>>> print(open('protein38.txt').read())   # compact mmCIF, C-alpha atoms
# COMPACT_ATOMS: atom_id res chain seq x y z
CA MET A 1055 98.88 122.65 107.49
CA LEU A 1056 96.09 120.10 108.08
CA THR A 1057 95.81 117.57 105.27
CA ARG A 1058 92.89 115.25 106.05
CA ILE A 1059 90.46 113.95 108.61
CA ASP A 1060 92.72 111.34 110.20
CA HIS A 1061 90.03 109.75 112.34
CA ILE A 1062 86.83 110.18 114.29
CA GLY A 1063 87.14 108.92 117.88
CA ILE A 1064 84.10 107.07 119.20
CA ALA A 1065 83.85 106.23 122.90
CA CYS A 1066 82.19 102.92 123.73
CA PHE A 1067 81.50 100.72 126.74
CA ASP A 1068 82.30 97.41 125.00
CA LEU A 1069 84.93 97.50 122.26
CA ASP A 1070 84.24 94.00 120.96
CA LYS A 1071 80.49 94.63 120.56
CA THR A 1072 81.12 97.99 118.91
CA VAL A 1073 83.67 96.52 116.48
CA GLU A 1074 81.15 93.82 115.59
CA PHE A 1075 78.47 96.46 114.91
CA TYR A 1076 80.73 98.34 112.48
CA ARG A 1077 81.83 95.09 110.84
CA ALA A 1078 78.29 93.70 110.42
CA THR A 1079 76.64 97.00 109.50
CA TYR A 1080 79.22 98.68 107.27
CA GLY A 1081 81.79 96.00 106.48
CA PHE A 1082 84.62 97.86 108.23
CA GLU A 1083 87.45 95.65 109.50
CA VAL A 1084 89.97 96.28 112.27
CA PHE A 1085 93.19 97.59 110.75
CA HIS A 1086 95.02 97.97 114.07
CA SER A 1087 94.30 97.44 117.75
CA GLU A 1088 96.24 98.25 120.90
CA VAL A 1089 96.04 99.21 124.55
CA ASN A 1090 97.31 102.70 125.33
CA GLU A 1091 98.22 102.50 129.02
CA GLU A 1092 99.04 106.21 129.26
CA GLN A 1093 95.55 107.20 128.10
CA GLY A 1094 93.82 104.25 129.79
CA VAL A 1095 92.08 102.92 126.68
CA ARG A 1096 91.80 99.82 124.56
CA GLU A 1097 91.26 100.83 120.97
CA ALA A 1098 90.57 99.57 117.50
CA MET A 1099 91.29 101.51 114.32
CA LEU A 1100 88.90 100.69 111.46
CA LYS A 1101 90.31 101.90 108.15
CA ILE A 1102 87.78 103.70 105.99
CA ASN A 1103 89.93 104.75 103.03
CA ASP A 1104 93.35 105.85 101.85
CA THR A 1105 93.96 109.56 101.30
CA SER A 1106 95.77 111.53 98.62
CA ASP A 1107 98.58 112.54 101.01
CA GLY A 1108 99.60 108.91 101.62
CA GLY A 1109 97.69 108.65 104.89
CA ALA A 1110 94.31 107.16 105.64
CA SER A 1111 91.05 107.93 107.38
CA TYR A 1112 89.84 105.76 110.27
CA LEU A 1113 87.20 105.31 112.89
CA GLN A 1114 88.91 104.94 116.26
CA LEU A 1115 86.84 102.99 118.76
CA LEU A 1116 87.84 103.64 122.38
CA GLU A 1117 86.97 101.57 125.45
CA PRO A 1118 88.34 102.72 128.82
CA THR A 1119 90.57 100.30 130.72
CA ARG A 1120 90.29 102.13 134.04
CA PRO A 1121 87.64 104.36 135.66
CA ASP A 1122 89.92 107.39 136.01
CA SER A 1123 90.73 107.65 132.29
CA THR A 1124 89.51 110.63 130.30
CA VAL A 1125 87.36 108.39 128.09
CA ALA A 1126 85.75 106.68 131.13
CA LYS A 1127 84.86 110.07 132.61
CA TRP A 1128 83.51 111.22 129.25
CA LEU A 1129 81.35 108.07 128.94
CA ASP A 1130 79.97 108.58 132.46
CA LYS A 1131 78.89 112.09 131.53
CA ASN A 1132 77.81 111.65 127.88
CA GLY A 1133 77.31 107.95 127.12
CA GLU A 1134 78.58 106.33 123.95
CA GLY A 1135 79.22 108.44 120.88
CA VAL A 1136 81.59 110.73 119.05
CA HIS A 1137 84.38 111.74 121.43
CA HIS A 1138 86.70 113.73 119.14
CA ILE A 1139 87.78 114.51 115.60
CA ALA A 1140 91.42 114.25 114.53
CA PHE A 1141 93.10 116.08 111.69
CA GLY A 1142 96.25 114.77 110.03
CA THR A 1143 99.29 116.98 109.67
CA ALA A 1144 102.86 116.50 108.50
CA ASP A 1145 104.17 118.44 111.53
CA VAL A 1146 102.11 118.28 114.72
CA ASP A 1147 104.66 120.41 116.61
CA GLN A 1148 104.57 123.32 114.16
CA ASP A 1149 100.83 123.21 113.54
CA ALA A 1150 100.08 123.07 117.28
CA ALA A 1151 102.36 126.09 117.83
CA ASP A 1152 100.70 128.00 114.97
CA ILE A 1153 97.22 127.23 116.30
CA LYS A 1154 98.27 128.18 119.84
CA ASP A 1155 99.48 131.54 118.47
CA LYS A 1156 95.91 132.09 117.25
CA GLY A 1157 94.61 131.82 120.82
CA VAL A 1158 93.53 128.17 120.92
CA ARG A 1159 94.61 126.23 123.99
CA VAL A 1160 96.79 123.19 123.23
CA LEU A 1161 96.34 120.55 125.93
CA TYR A 1162 99.83 118.98 125.87
CA GLU A 1163 103.07 120.95 126.15
CA GLU A 1164 104.76 118.35 123.95
CA PRO A 1165 103.01 115.91 121.61
CA ARG A 1166 102.51 112.41 123.01
CA ARG A 1167 102.48 108.93 121.52
CA GLY A 1168 99.19 108.05 119.88
CA SER A 1169 97.78 105.10 117.95
CA MET A 1170 100.07 103.17 115.65
CA GLY A 1171 103.14 105.13 116.77
CA SER A 1172 101.74 108.52 115.79
CA ARG A 1173 102.50 111.81 117.55
CA ILE A 1174 99.44 113.65 118.86
CA THR A 1175 98.15 116.62 120.78
CA PHE A 1176 94.67 117.91 121.55
CA LEU A 1177 93.03 121.33 121.32
CA HIS A 1178 90.66 122.49 124.04
CA PRO A 1179 87.02 121.91 123.04
CA LYS A 1180 85.92 125.25 124.51
CA ASP A 1181 88.17 126.96 121.96
CA CYS A 1182 86.93 124.75 119.08
CA HIS A 1183 83.16 125.30 119.30
CA GLY A 1184 82.62 122.38 121.66
CA VAL A 1185 84.65 119.83 119.67
CA LEU A 1186 87.63 118.07 121.23
CA THR A 1187 90.12 118.26 118.37
CA GLU A 1188 93.23 116.15 117.93
CA LEU A 1189 96.23 116.86 115.69
CA VAL A 1190 98.04 113.76 114.40
CA THR A 1191 101.33 113.16 112.65
CA SER A 1192 101.13 109.55 111.54
CA ALA A 1193 104.06 107.17 111.75
CA PRO A 1194 104.83 105.38 108.49
CA VAL A 1195 102.50 102.36 108.19
CA GLU A 1196 103.96 99.41 106.35
CA SER A 1197 101.45 96.69 107.13
CA PRO A 1198 98.44 96.13 109.39
CA GLU A 1199 99.02 95.05 112.99
CA HIS A 1200 96.37 93.27 115.01
>>> encode(input="protein38.txt", output="C-alpha cells")
Amino acid sequence: MLTRIDHIGIACFDLDKTVEFYRATYGFEVFHSEVNEEQGVREAMLKINDTSDGGASYLQLLEPTRPDSTVAKWLDKNGEGVHHIAFGTADVDQDAADIKDKGVRVLYEEPRRGSMGSRITFLHPKDCHGVLTELVTSAPVESPEH
C-alpha cells in the first residue's frame, strides 16, 4: 500500500523567500519547480532524500497564484505552515478505493495531475484526525527540471 512519505506540503506567502530560507538554513536545493494552473499554485519541490522504493522525499513549498485557490484560502485562515502530508503509493487508484472502502472520504472522483507529472488525490482532513492527506503515484523521474 503506502510506501513512504512522499512530501510535506508547506503553504507560504512568498515562494522565493521561503525557498531561500530552506536553502540558507538547511542547505536544501530546488529539485523541481512549476506552476499548477488547475490548483492555482506556484510550487517548488526541495528534495530531502532518496527512498528504498526508488522514490524520494520532498518538501513542497506552495504559493497561491490566485485568491480563490485552496492554498490562498488556507493561508488566509491559518497563515504560513504545514498544509498537508503526502504518502507515496505504487497505485493511487487502488489505494484510494481501498481507503474509501474503510469510510474515509476521497476528495477527487479520479486522481488528478500533481507535481512532476504525478497522479494524486486527497483524503478529507476530518476523516484523518485533522490532517489533509494526499496520495501520490510518482511519474518516473529521470533528471531534475527547474
>>> closest_residue(input="protein38.txt", among="A:His1137, A:Arg1120, A:Asp1104, A:Thr1079", to="Cys1066 (chain A)", atoms="all atoms listed in the file")
A:His1137
>>> atom_distance(input="protein38.txt", atom1="CA of Phe1141 (chain A)", atom2="CA of Met1055 (chain A)")
9.7 Å
>>> atom_distance(input="protein38.txt", atom1="CA of His1183 (chain A)", atom2="CA of Ile1062 (chain A)")
16.3 Å
>>> axis_aligned_box(input="protein38.txt", around="region 1136-1146 of chain A", padding_each_side="8 Å", output="JSON")
{"center_x": 92.9, "center_y": 114.6, "center_z": 115.0, "size_x": 38.6, "size_y": 23.7, "size_z": 28.9}
>>> atom_distance(input="protein38.txt", atom1="CA of Lys1156 (chain A)", atom2="CA of His1178 (chain A)")
12.9 Å
